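**Student:** Here you go, this is start.cif (mmCIF, C-alpha atoms and all ligand atoms).
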data_data
loop_
_atom_site.label_atom_id
_atom_site.label_comp_id
_atom_site.auth_asym_id
_atom_site.auth_seq_id
_atom_site.Cartn_x
_atom_site.Cartn_y
_atom_site.Cartn_z
CA MET F 1 14.00 62.69 -107.21
CA SER F 2 12.27 61.95 -103.90
CA LYS F 3 12.99 64.21 -100.95
CA ARG F 4 16.28 63.48 -99.26
CA ILE F 5 16.30 61.49 -96.02
CA TYR F 6 19.14 62.59 -93.77
CA LEU F 7 21.32 60.83 -91.23
CA ALA F 8 20.43 63.50 -88.68
CA SER F 9 19.36 67.05 -89.47
CA PRO F 10 18.06 70.03 -87.46
CA HIS F 11 14.54 69.57 -86.08
CA MET F 12 13.01 72.81 -84.89
CA GLY F 13 10.33 73.01 -82.24
CA SER F 14 7.81 75.79 -81.65
CA GLU F 15 9.72 78.07 -79.28
CA GLU F 16 13.08 78.69 -80.92
CA LEU F 17 11.81 81.59 -82.99
CA LYS F 18 10.27 83.27 -79.95
CA PHE F 19 13.64 83.39 -78.18
CA VAL F 20 15.42 84.56 -81.34
CA GLN F 21 12.76 87.23 -81.87
CA GLU F 22 13.30 88.39 -78.30
CA ALA F 23 16.99 88.83 -79.06
CA PHE F 24 16.09 91.00 -82.06
CA GLU F 25 13.51 93.06 -80.23
CA THR F 26 15.86 93.81 -77.37
CA ASN F 27 18.80 94.30 -79.77
CA TRP F 28 20.86 91.60 -77.98
CA ILE F 29 22.54 90.41 -81.17
CA ALA F 30 26.02 90.34 -79.61
CA PRO F 31 27.73 87.42 -77.96
CA MET F 32 26.54 87.51 -74.35
CA GLY F 33 23.06 88.60 -73.45
CA PRO F 34 20.06 87.11 -71.69
CA ASN F 35 19.61 84.07 -73.98
CA VAL F 36 23.21 83.01 -73.37
CA ASN F 37 22.81 83.31 -69.60
CA PHE F 38 19.46 81.52 -69.59
CA PHE F 39 20.70 78.78 -71.91
CA GLU F 40 23.68 78.15 -69.63
CA THR F 41 21.48 77.96 -66.54
CA GLU F 42 18.83 75.82 -68.22
CA MET F 43 21.47 73.39 -69.50
CA ALA F 44 23.20 73.24 -66.09
CA ASN F 45 19.84 72.52 -64.44
CA TYR F 46 18.96 69.85 -66.99
CA ILE F 47 22.19 67.91 -66.55
CA GLY F 48 22.62 68.74 -62.87
CA ILE F 49 25.95 70.55 -62.76
CA ASN F 50 27.18 73.77 -61.12
CA ALA F 51 28.54 75.75 -64.02
CA SER F 52 28.53 75.97 -67.81
CA ALA F 53 29.96 78.16 -70.55
CA ALA F 54 28.11 78.52 -73.86
CA LEU F 55 30.67 78.55 -76.68
CA SER F 56 30.88 78.78 -80.45
CA SER F 57 31.44 75.03 -80.92
CA GLY F 58 32.07 71.71 -79.21
CA THR F 59 35.61 71.86 -80.57
CA ALA F 60 36.14 75.21 -78.79
CA ALA F 61 34.82 73.59 -75.61
CA ILE F 62 37.37 70.76 -75.83
CA HIS F 63 40.12 73.29 -76.51
CA LEU F 64 39.23 75.32 -73.42
CA ALA F 65 38.85 72.14 -71.33
CA LEU F 66 42.44 71.21 -72.23
CA LYS F 67 43.65 74.73 -71.49
CA SER F 68 41.77 74.69 -68.20
CA LEU F 69 43.57 71.48 -67.22
CA ASN F 70 46.82 73.25 -68.07
CA ILE F 71 47.69 71.03 -71.04
CA LYS F 72 50.75 72.51 -72.69
CA GLU F 73 53.39 71.78 -75.29
CA ASN F 74 54.63 68.18 -75.28
CA ASP F 75 52.18 67.04 -72.61
CA ILE F 76 50.55 63.72 -73.35
CA VAL F 77 46.77 63.32 -73.65
CA PHE F 78 45.01 59.98 -74.05
CA CYS F 79 41.96 59.98 -76.34
CA SER F 80 39.46 57.44 -77.72
CA THR F 81 40.56 56.47 -81.23
CA LEU F 82 37.06 55.76 -82.57
CA THR F 83 35.68 59.28 -82.84
CA PHE F 84 35.37 62.44 -84.89
CA SER F 85 38.61 64.37 -85.38
CA ALA F 86 37.24 67.28 -83.32
CA SER F 87 37.80 65.17 -80.18
CA CYS F 88 41.58 65.22 -80.62
CA ASN F 89 42.44 68.20 -82.86
CA PRO F 90 42.46 70.56 -79.85
CA ILE F 91 45.26 68.42 -78.34
CA ILE F 92 47.36 69.57 -81.30
CA TYR F 93 46.12 73.18 -80.90
CA GLN F 94 47.76 73.11 -77.46
CA GLY F 95 50.98 71.61 -78.84
CA ALA F 96 50.37 68.44 -76.85
CA ILE F 97 50.75 64.82 -78.00
CA PRO F 98 47.78 62.48 -78.41
CA VAL F 99 47.93 58.76 -77.62
CA PHE F 100 44.95 56.86 -79.00
CA ILE F 101 43.13 54.15 -77.07
CA ASP F 102 41.18 51.29 -78.68
CA SER F 103 37.46 50.59 -78.28
CA GLU F 104 35.58 47.74 -76.63
CA TYR F 105 32.81 45.84 -78.44
CA GLU F 106 30.36 46.30 -75.55
CA SER F 107 29.87 50.04 -76.07
CA TYR F 108 32.17 50.92 -79.01
CA ASN F 109 33.74 53.37 -76.55
CA MET F 110 37.17 53.47 -74.89
CA CYS F 111 38.19 50.00 -73.69
CA PRO F 112 39.08 50.15 -69.96
CA LYS F 113 41.58 47.30 -70.42
CA ALA F 114 43.35 49.10 -73.24
CA LEU F 115 43.40 52.25 -71.11
CA GLU F 116 44.95 50.33 -68.23
CA LYS F 117 47.58 48.92 -70.58
CA ALA F 118 48.35 52.41 -71.89
CA PHE F 119 48.83 53.69 -68.34
CA ILE F 120 51.17 50.82 -67.45
CA GLU F 121 53.28 51.49 -70.54
CA ALA F 122 53.22 55.23 -69.86
CA LYS F 123 54.36 54.73 -66.30
CA GLU F 124 57.32 52.60 -67.38
CA LYS F 125 58.44 55.39 -69.70
CA ASN F 126 57.61 58.12 -67.23
CA GLN F 127 55.07 59.55 -69.70
CA ILE F 128 51.89 59.71 -67.67
CA PRO F 129 49.24 61.74 -69.56
CA LYS F 130 47.90 64.99 -68.14
CA ALA F 131 44.34 64.26 -69.24
CA VAL F 132 42.18 61.55 -70.80
CA ILE F 133 39.50 62.49 -73.35
CA VAL F 134 36.72 59.90 -73.21
CA VAL F 135 34.14 60.03 -76.00
CA ASN F 136 30.54 58.84 -75.57
CA LEU F 137 29.97 57.62 -79.09
CA TYR F 138 26.69 57.75 -81.01
CA GLY F 139 24.81 58.75 -77.88
CA GLN F 140 25.94 56.02 -75.50
CA SER F 141 28.12 56.60 -72.47
CA ALA F 142 31.47 54.91 -72.10
CA ASP F 143 31.90 52.64 -69.05
CA LEU F 144 32.99 55.61 -66.98
CA ASP F 145 33.23 54.01 -63.52
CA LYS F 146 35.83 51.57 -64.81
CA ILE F 147 37.66 54.28 -66.74
CA LYS F 148 37.52 56.73 -63.83
CA GLU F 149 38.84 54.16 -61.37
CA ILE F 150 41.94 53.74 -63.54
CA CYS F 151 42.41 57.49 -64.10
CA ASP F 152 41.95 58.19 -60.37
CA ARG F 153 44.69 55.68 -59.56
CA TYR F 154 47.08 57.76 -61.66
CA ASN F 155 45.50 61.04 -60.59
CA VAL F 156 44.66 62.05 -64.16
CA PRO F 157 41.52 64.11 -64.95
CA ILE F 158 38.90 63.07 -67.51
CA ILE F 159 37.41 65.32 -70.18
CA GLU F 160 34.12 63.77 -71.20
CA ASP F 161 33.34 64.40 -74.87
CA ALA F 162 29.56 64.20 -74.72
CA ALA F 163 29.10 66.03 -78.05
CA GLU F 164 26.91 63.15 -79.28
CA SER F 165 25.37 62.05 -75.98
CA LEU F 166 23.49 64.98 -74.44
CA GLY F 167 20.65 63.58 -72.34
CA ALA F 168 22.07 60.07 -72.12
CA THR F 169 22.63 58.69 -68.64
CA TYR F 170 25.25 56.53 -66.96
CA LYS F 171 24.10 54.80 -63.75
CA GLY F 172 21.51 57.53 -63.34
CA ARG F 173 23.90 60.42 -63.92
CA GLN F 174 23.87 62.63 -67.02
CA SER F 175 26.58 61.92 -69.56
CA GLY F 176 29.05 64.80 -69.69
CA THR F 177 28.93 65.38 -65.92
CA ILE F 178 31.09 62.49 -64.78
CA GLY F 179 34.57 63.64 -65.80
CA GLU F 180 36.28 66.74 -64.35
CA MET F 181 35.02 68.63 -67.38
CA GLY F 182 32.39 67.79 -69.97
CA ILE F 183 31.62 69.17 -73.40
CA TYR F 184 28.54 69.21 -75.63
CA SER F 185 28.05 70.19 -79.25
CA PHE F 186 25.03 71.91 -80.81
CA ASN F 187 26.23 71.48 -84.38
CA GLY F 188 23.50 71.00 -87.01
CA ASN F 189 23.57 67.21 -86.93
CA LYS F 190 23.51 66.74 -83.14
CA ILE F 191 20.45 65.74 -81.09
CA ILE F 192 19.72 69.42 -80.41
CA THR F 193 21.28 72.26 -82.34
CA THR F 194 21.94 75.99 -82.31
CA SER F 195 23.06 75.72 -85.97
CA GLY F 196 26.57 75.76 -84.50
CA GLY F 197 27.65 75.91 -80.89
CA GLY F 198 28.96 74.05 -77.89
CA MET F 199 29.12 74.05 -74.13
CA LEU F 200 31.77 73.41 -71.51
CA VAL F 201 30.48 72.18 -68.16
CA SER F 202 32.02 71.41 -64.79
CA ASN F 203 31.31 71.45 -61.09
CA ASN F 204 34.39 73.64 -60.81
CA GLU F 205 32.83 77.09 -61.06
CA ILE F 206 36.17 78.89 -61.02
CA ALA F 207 37.38 76.87 -64.01
CA ILE F 208 34.22 77.74 -65.97
CA GLN F 209 34.57 81.42 -65.06
CA LYS F 210 38.12 81.35 -66.37
CA ALA F 211 37.02 79.57 -69.57
CA LYS F 212 34.51 82.36 -70.22
CA PHE F 213 37.32 84.88 -69.75
CA TRP F 214 39.55 83.13 -72.30
CA ALA F 215 36.57 82.76 -74.66
CA THR F 216 36.07 86.54 -74.70
CA GLN F 217 39.64 87.41 -75.76
CA SER F 218 41.02 87.34 -72.20
CA ARG F 219 39.97 90.91 -71.72
CA GLU F 220 40.94 92.25 -68.31
CA ASN F 221 38.52 94.31 -66.28
CA GLU F 222 39.81 97.72 -67.39
CA ARG F 223 38.35 100.66 -69.27
CA HIS F 224 40.83 100.17 -72.10
CA TYR F 225 41.63 96.79 -73.69
CA GLU F 226 44.16 95.16 -71.38
CA HIS F 227 45.48 91.61 -71.96
CA LEU F 228 47.66 89.58 -69.62
CA GLU F 229 46.89 86.31 -71.40
CA LEU F 230 46.27 84.89 -74.86
CA GLY F 231 42.58 85.13 -75.73
CA PHE F 232 40.08 83.37 -77.99
CA ASN F 233 36.87 84.42 -79.68
CA TYR F 234 34.85 81.39 -78.60
CA ARG F 235 31.65 82.78 -77.06
CA MET F 236 28.20 81.72 -78.26
CA SER F 237 26.07 84.52 -79.72
CA ASN F 238 22.88 85.58 -77.99
CA VAL F 239 20.90 84.92 -81.18
CA VAL F 240 21.77 81.24 -81.52
CA ALA F 241 21.52 80.72 -77.75
CA GLY F 242 17.83 81.50 -78.29
CA ILE F 243 17.60 78.55 -80.68
CA GLY F 244 19.31 76.40 -78.04
CA ARG F 245 16.76 77.36 -75.39
CA GLY F 246 13.89 76.29 -77.60
CA GLN F 247 15.70 73.10 -78.62
CA LEU F 248 16.45 72.08 -75.03
CA LYS F 249 12.72 72.01 -74.29
CA LYS F 250 12.42 69.33 -76.97
CA LEU F 251 15.37 67.19 -75.91
CA ASP F 252 13.38 64.53 -74.01
CA GLU F 253 10.96 64.22 -76.92
CA ARG F 254 13.86 63.85 -79.37
CA ILE F 255 15.40 61.08 -77.26
CA GLU F 256 12.07 59.21 -77.32
CA GLN F 257 11.90 59.63 -81.11
CA LYS F 258 15.51 58.49 -81.56
CA LYS F 259 14.85 55.46 -79.38
CA ALA F 260 11.79 54.57 -81.44
CA ILE F 261 13.94 54.71 -84.60
CA TYR F 262 16.55 52.40 -83.05
CA ASP F 263 13.88 50.00 -81.74
CA THR F 264 12.25 49.84 -85.17
CA TYR F 265 15.54 48.93 -86.89
CA LYS F 266 16.35 46.40 -84.19
CA ASN F 267 12.97 44.76 -84.48
CA GLU F 268 12.91 44.76 -88.29
CA PHE F 269 16.40 43.28 -88.61
CA LYS F 270 16.13 40.73 -85.83
CA ASP F 271 15.70 37.82 -88.25
CA ILE F 272 18.65 38.78 -90.42
CA ASP F 273 21.51 36.84 -88.93
CA GLU F 274 24.25 38.97 -90.48
CA ILE F 275 22.99 42.23 -88.95
CA GLU F 276 23.83 43.26 -85.40
CA MET F 277 22.60 46.54 -83.93
CA MET F 278 24.98 48.55 -81.75
CA PRO F 279 24.63 47.08 -78.25
CA VAL F 280 22.91 49.02 -75.48
CA CYS F 281 24.77 48.67 -72.18
CA ASP F 282 22.68 48.03 -69.09
CA TYR F 283 24.58 50.65 -67.06
CA GLY F 284 22.75 53.51 -68.72
CA ARG F 285 20.30 54.92 -71.20
CA PRO F 286 21.66 56.21 -74.52
CA ASN F 287 20.10 59.18 -76.28
CA TYR F 288 20.16 57.01 -79.46
CA TRP F 289 21.61 59.91 -81.47
CA LEU F 290 22.49 57.60 -84.38
CA SER F 291 21.31 54.05 -84.95
CA VAL F 292 24.37 52.03 -85.87
CA MET F 293 24.62 48.46 -87.09
CA THR F 294 27.43 46.12 -87.99
CA LEU F 295 27.54 43.32 -90.52
CA LYS F 296 28.98 40.05 -89.32
CA GLU F 297 32.41 38.95 -90.45
CA GLY F 298 32.11 37.08 -93.75
CA CYS F 299 28.73 38.60 -94.63
CA LYS F 300 28.32 38.74 -98.41
CA VAL F 301 26.75 42.20 -98.22
CA GLU F 302 29.31 44.94 -97.58
CA PRO F 303 28.58 48.17 -95.71
CA LEU F 304 29.24 50.05 -98.94
CA ASP F 305 26.54 48.01 -100.74
CA ILE F 306 24.00 49.27 -98.23
CA ILE F 307 25.27 52.85 -98.31
CA LEU F 308 25.12 52.93 -102.13
CA ALA F 309 21.71 51.24 -102.30
CA LEU F 310 20.34 53.91 -99.94
CA GLU F 311 22.15 56.74 -101.75
CA LYS F 312 20.47 55.67 -104.99
CA GLU F 313 17.15 56.49 -103.34
CA ASN F 314 18.48 59.81 -102.02
CA ILE F 315 18.92 58.46 -98.49
CA GLU F 316 21.97 59.40 -96.44
CA SER F 317 23.94 56.84 -94.41
CA ARG F 318 27.63 56.63 -93.43
CA PRO F 319 30.37 54.32 -92.36
CA VAL F 320 31.30 54.32 -88.67
CA TRP F 321 34.01 56.90 -87.77
CA LYS F 322 37.39 56.07 -89.22
CA PRO F 323 39.65 55.63 -86.16
CA MET F 324 42.07 58.46 -85.47
CA HIS F 325 45.14 56.23 -85.37
CA LEU F 326 44.40 55.30 -89.00
CA GLN F 327 44.11 58.92 -90.15
CA PRO F 328 47.08 60.03 -92.25
CA PHE F 329 47.35 63.20 -90.17
CA TYR F 330 47.75 61.20 -86.95
CA LYS F 331 49.71 58.26 -88.37
CA ASN F 332 52.78 58.89 -86.21
CA CYS F 333 50.84 58.85 -82.94
CA LYS F 334 50.99 56.00 -80.48
CA PHE F 335 47.99 53.67 -80.34
CA VAL F 336 47.22 51.18 -77.58
CA SER F 337 45.00 48.11 -77.96
CA ILE F 338 44.69 44.79 -76.15
CA VAL F 339 44.07 42.97 -79.44
CA ASP F 340 46.98 40.87 -80.65
CA GLY F 341 47.30 40.74 -84.41
CA ASN F 342 46.67 43.52 -86.81
CA LYS F 343 43.03 44.54 -86.59
CA SER F 344 41.99 46.59 -83.57
CA VAL F 345 38.41 46.68 -82.29
CA ALA F 346 38.00 50.24 -83.59
CA GLU F 347 39.23 49.30 -87.06
CA ASP F 348 36.97 46.25 -87.12
CA LEU F 349 33.94 48.42 -86.22
CA PHE F 350 34.95 50.93 -88.89
CA LEU F 351 35.12 48.19 -91.53
CA ARG F 352 31.85 46.47 -90.57
CA GLY F 353 29.73 49.37 -89.31
CA ILE F 354 27.05 51.58 -90.85
CA CYS F 355 25.31 54.62 -89.38
CA LEU F 356 21.69 54.36 -90.44
CA PRO F 357 19.39 57.32 -91.14
CA SER F 358 18.30 58.51 -87.68
CA ASP F 359 16.56 61.76 -88.47
CA THR F 360 13.68 62.51 -86.10
CA LYS F 361 11.71 64.10 -88.93
CA MET F 362 11.46 60.76 -90.79
CA SER F 363 7.93 59.48 -91.37
CA LYS F 364 6.81 55.87 -90.96
CA GLU F 365 6.89 55.61 -94.76
CA ASP F 366 10.48 56.88 -94.84
CA MET F 367 11.52 54.21 -92.36
CA ASN F 368 9.66 51.49 -94.21
CA LYS F 369 11.41 52.50 -97.41
CA ILE F 370 14.85 52.32 -95.76
CA ILE F 371 14.13 48.97 -94.16
CA LYS F 372 12.80 47.55 -97.42
CA ILE F 373 15.93 48.61 -99.33
CA ILE F 374 18.23 47.04 -96.72
CA LYS F 375 16.21 43.83 -96.39
CA GLY F 376 16.20 43.55 -100.17
CA LEU F 377 19.97 43.10 -100.14
CA PHE F 378 19.82 39.96 -97.96
C1 LIG E 401 30.39 66.92 -83.25
C2 LIG E 401 31.48 66.41 -82.40
C3 LIG E 401 32.44 67.25 -81.85
C4 LIG E 401 32.64 68.69 -82.25
O1 LIG E 401 31.60 69.53 -82.08
P1 LIG E 401 31.48 70.86 -82.99
O2 LIG E 401 30.39 71.61 -82.30
O3 LIG E 401 31.12 70.42 -84.36
O4 LIG E 401 32.78 71.58 -82.93
C5 LIG E 401 33.38 66.71 -80.98
N1 LIG E 401 33.37 65.41 -80.67
C6 LIG E 401 32.46 64.56 -81.19
C7 LIG E 401 32.52 63.14 -80.78
C8 LIG E 401 31.51 65.02 -82.08
O5 LIG E 401 30.64 64.16 -82.63
#
What would the structure in this file look like if it were written as structure tokens?
Ligand SMILES: *Cc1c(COP(=O)(O)O)cnc(C)c1O
**Tutor:**
Amino acid sequence: MSKRIYLASPHMGSEELKFVQEAFETNWIAPMGPNVNFFETEMANYIGINASAALSSGTAAIHLALKSLNIKENDIVFCSTLTFSASCNPIIYQGAIPVFIDSEYESYNMCPKALEKAFIEAKEKNQIPKAVIVVNLYGQSADLDKIKEICDRYNVPIIEDAAESLGATYKGRQSGTIGEMGIYSFNGNKIITTSGGGMLVSNNEIAIQKAKFWATQSRENERHYEHLELGFNYRMSNVVAGIGRGQLKKLDERIEQKKAIYDTYKNEFKDIDEIEMMPVCDYGRPNYWLSVMTLKEGCKVEPLDIILALEKENIESRPVWKPMHLQPFYKNCKFVSIVDGNKSVAEDLFLRGICLPSDTKMSKEDMNKIIKIIKGLF
């Protein structure tokens, strides 16, 4: 069997081990330590924000963002429907109620018109949400000016789920820095990784300070263990923060490599009428985390045909995220779309979309092989 080609897998640079070694040599194996502090500062500098908290996962970061915005039992939180379940599970952790918002075709992200509709309906019922979680899918920013204008009108803060979009920009600003709070993930499949980890960022330094307090079991400043509040064990360890520091140095290079992968697919498939690559919006620059394509309505080739043809050659690909409002676990939640009829934009993208192998370690031969297999089906 030929070596497996992955959707997106960890790609180590030359400096990660040095930082990890430092942690060993200085015996900073605990959560907290110099690598954690440096990683937080280096990330904050890279994205241009005041404060950041290195955490054990992106999911933990979303959880603490919700807690920071005082989301409690029975509060309502709007969230993009087309995403990974980690975007909305923390809403349930807080006992709050998610309302899912449909996508737009332009960016696959939250549709500003659907959001506006959701707010109008919420206002009528006196059920204004306490936060809106906006996801920047597959490395491309949502149309945040439009979304923010609507949220500002209702005075509702935005949590920007930039787990997939670190390094992408929106009108010159870094994705993840535009909402009140932003989160990143360093899970193994993301554009940079710490094997597992996340970060919460904000210009509100007090909020970040408080998040760090909650993340370390809400331990009061006393000699004994004193707790006034519920705590969490959400801090990033100093060992993996060392990996993150090395990875961050490679981020710009990875974005270039991811873009080259996307451009190659786009160019190779340009003459196949039934294939459309995920659009790139002119308001920003994606990080091209995953190259995604859709097959036109009525195309004789199904996404599954492509996925299985690749799998046969030990190549990983996936359908687009299954929307949250279609997940059995979330089936009772409200969903808002501007589409009349029964198929929302998010569902349509799910049914017609494929995430192509986007691993930065792929060789030219690997890519040629993938392209040949796909072209062979048309
Ligand atoms: C990966 C991901 C997360 C969760 O990050 P973890 O670090 O795996 O907890 C959240 N939202 C989106 C959109 C993601 O892709």
**Student:** At a cut-off of 9 Å and counting only C-alpha atoms and all ligand atoms, what residues surround ligand LIG 401 (chain E)? Please answer as a PyMOL selection string.
**Tutor:** chain F and resi 55-62+82-88+135-138+161-165+183-190+196-199
**Student:** I want to know what sits within 12 Å of Trp214 (chain F), based on all atoms listed in the file, with residues of the same chain fewer than 5 positions away left out; could you give that as a list in words?
**Tutor:**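 The contact residues come out as Ala53, Leu55, Ala60, Ala61, His63, Leu64, Ala65, Lys67, Ser68, Ala207, Ile208, Gln209, Arg219, Glu220, His227, Leu228, Glu229, Leu230, Gly231, Phe232, Asn233, Tyr234 and Arg235 of chain F.
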**Student:** Please determine, counting all atoms listed in the file, which residue among F:Ala96, F:Tyr330, F:Thr194, F:Tyr170 has the shortest atom-to-atom distance to Val240 (chain F).
**Tutor:**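 Checking each of F:Ala96, F:Tyr330, F:Thr194, F:Tyr170 against Val240 (chain F), counting all atoms listed in the file, the winner is F:Thr194.
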**Student:** May I ask for the distance between CA of Phe78 (chain F) and CA of Gly139 (chain F), given in Å to one decimal place?
**Tutor:** 20.6 Å
**Student:** Nearest to Thr81 (chain F) among F:Ala122, F:Leu349, F:Cys281, F:Met367, with distances taken over all atoms listed in the file: which residue is it?
**Tutor:**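 Ranking F:Ala122, F:Leu349, F:Cys281, F:Met367 by distance to Thr81 (chain F), first place goes to F:Leu349.
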**Student:** Of the candidates F:Asn27, F:Asn342, F:Gln140, F:Gln174, which one gets nearest to Met110 (chain F) if we count all atoms listed in the file?
**Tutor:**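 For Met110 (chain F), the nearest of the candidates is F:Gln140.
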**Student:** Show me the residues close to (46.1, 55.9, -77.5) - anything with an atom within 12 Å, counting all atoms listed in the file - and format the list as a PyMOL selection string.
**Tutor:** chain F and resi 76-82+88+97-103+110-112+114-119+121-122+129+131-134+323-326+330-338+344+346
**Student:** List as a list in words: which residues have an atom within 12 Å of (11.9, 57.6, -79.3), counting all atoms listed in the file?
**Tutor:**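 Here the neighbourhood of the point contains Ile191, Lys250, Leu251, Asp252, Glu253, Arg254, Ile255, Glu256, Gln257, Lys258, Lys259, Ala260, Ile261, Tyr262, Asp263, Thr264, Arg285, Pro286, Asn287, Tyr288, Trp289, Leu290, Ser291, Ser358, Asp359, Thr360, Lys361 and Met362 of chain F.
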**Student:** For CA of Gly13 (chain F) and CA of Lys249 (chain F), quote the distance in Å rounded to one decimal.
**Tutor:** 8.4 Å
**Student:** What gap, in Å, lies between CA of Asp75 (chain F) and CA of Pro328 (chain F)?
**Tutor:**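 The value is 21.5 Å.
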**Student:** Take every atom of region 156-165 of chain F listed in the file, pad by 8 Å on each side, and give me the axis-aligned box centre and edge lengths in Å, one decimal, as AutoDock Vina command-line options.
**Tutor:**
--center_x 35.0 --center_y 64.0 --center_z -71.7 --size_x 35.3 --size_y 20.0 --size_z 31.1
**Student:** Given the choices F:Met236, F:Glu274, F:Tyr225, F:Asn204, which gets closest to Phe378 (chain F) if the distance is worked out from only C-alpha atoms?
**Tutor:**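 Selected residue with least distance to Phe378 (chain F): F:Glu274.
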**Student:** Tell me which protein, DNA and RNA residues are within 7 Å of region 299-313 of chain F, counting only C-alpha atoms, leaving out same-chain ones fewer than 3 positions away, and put them as a list in words.
**Tutor:**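 My reading of the contact set: Glu274, Leu295, Lys296, Glu316, Ser317, Arg318, Arg352, Gly353, Ile354, Ile373 and Ile374 of chain F.
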**Student:** Taking into account all atoms listed in the file, which residue in the set F:Val320, F:Cys355, F:Ile371, F:Val201 is nearest to Ile272 (chain F)?
**Tutor:** F:Ile371
**Student:** Between F:Glu180, F:Lys18, F:Val156, F:Gly95, single out the one closest to Asn50 (chain F), counting only C-alpha atoms.
**Tutor:**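 Nearest candidate to Asn50 (chain F) out of F:Glu180, F:Lys18, F:Val156, F:Gly95: F:Glu180.
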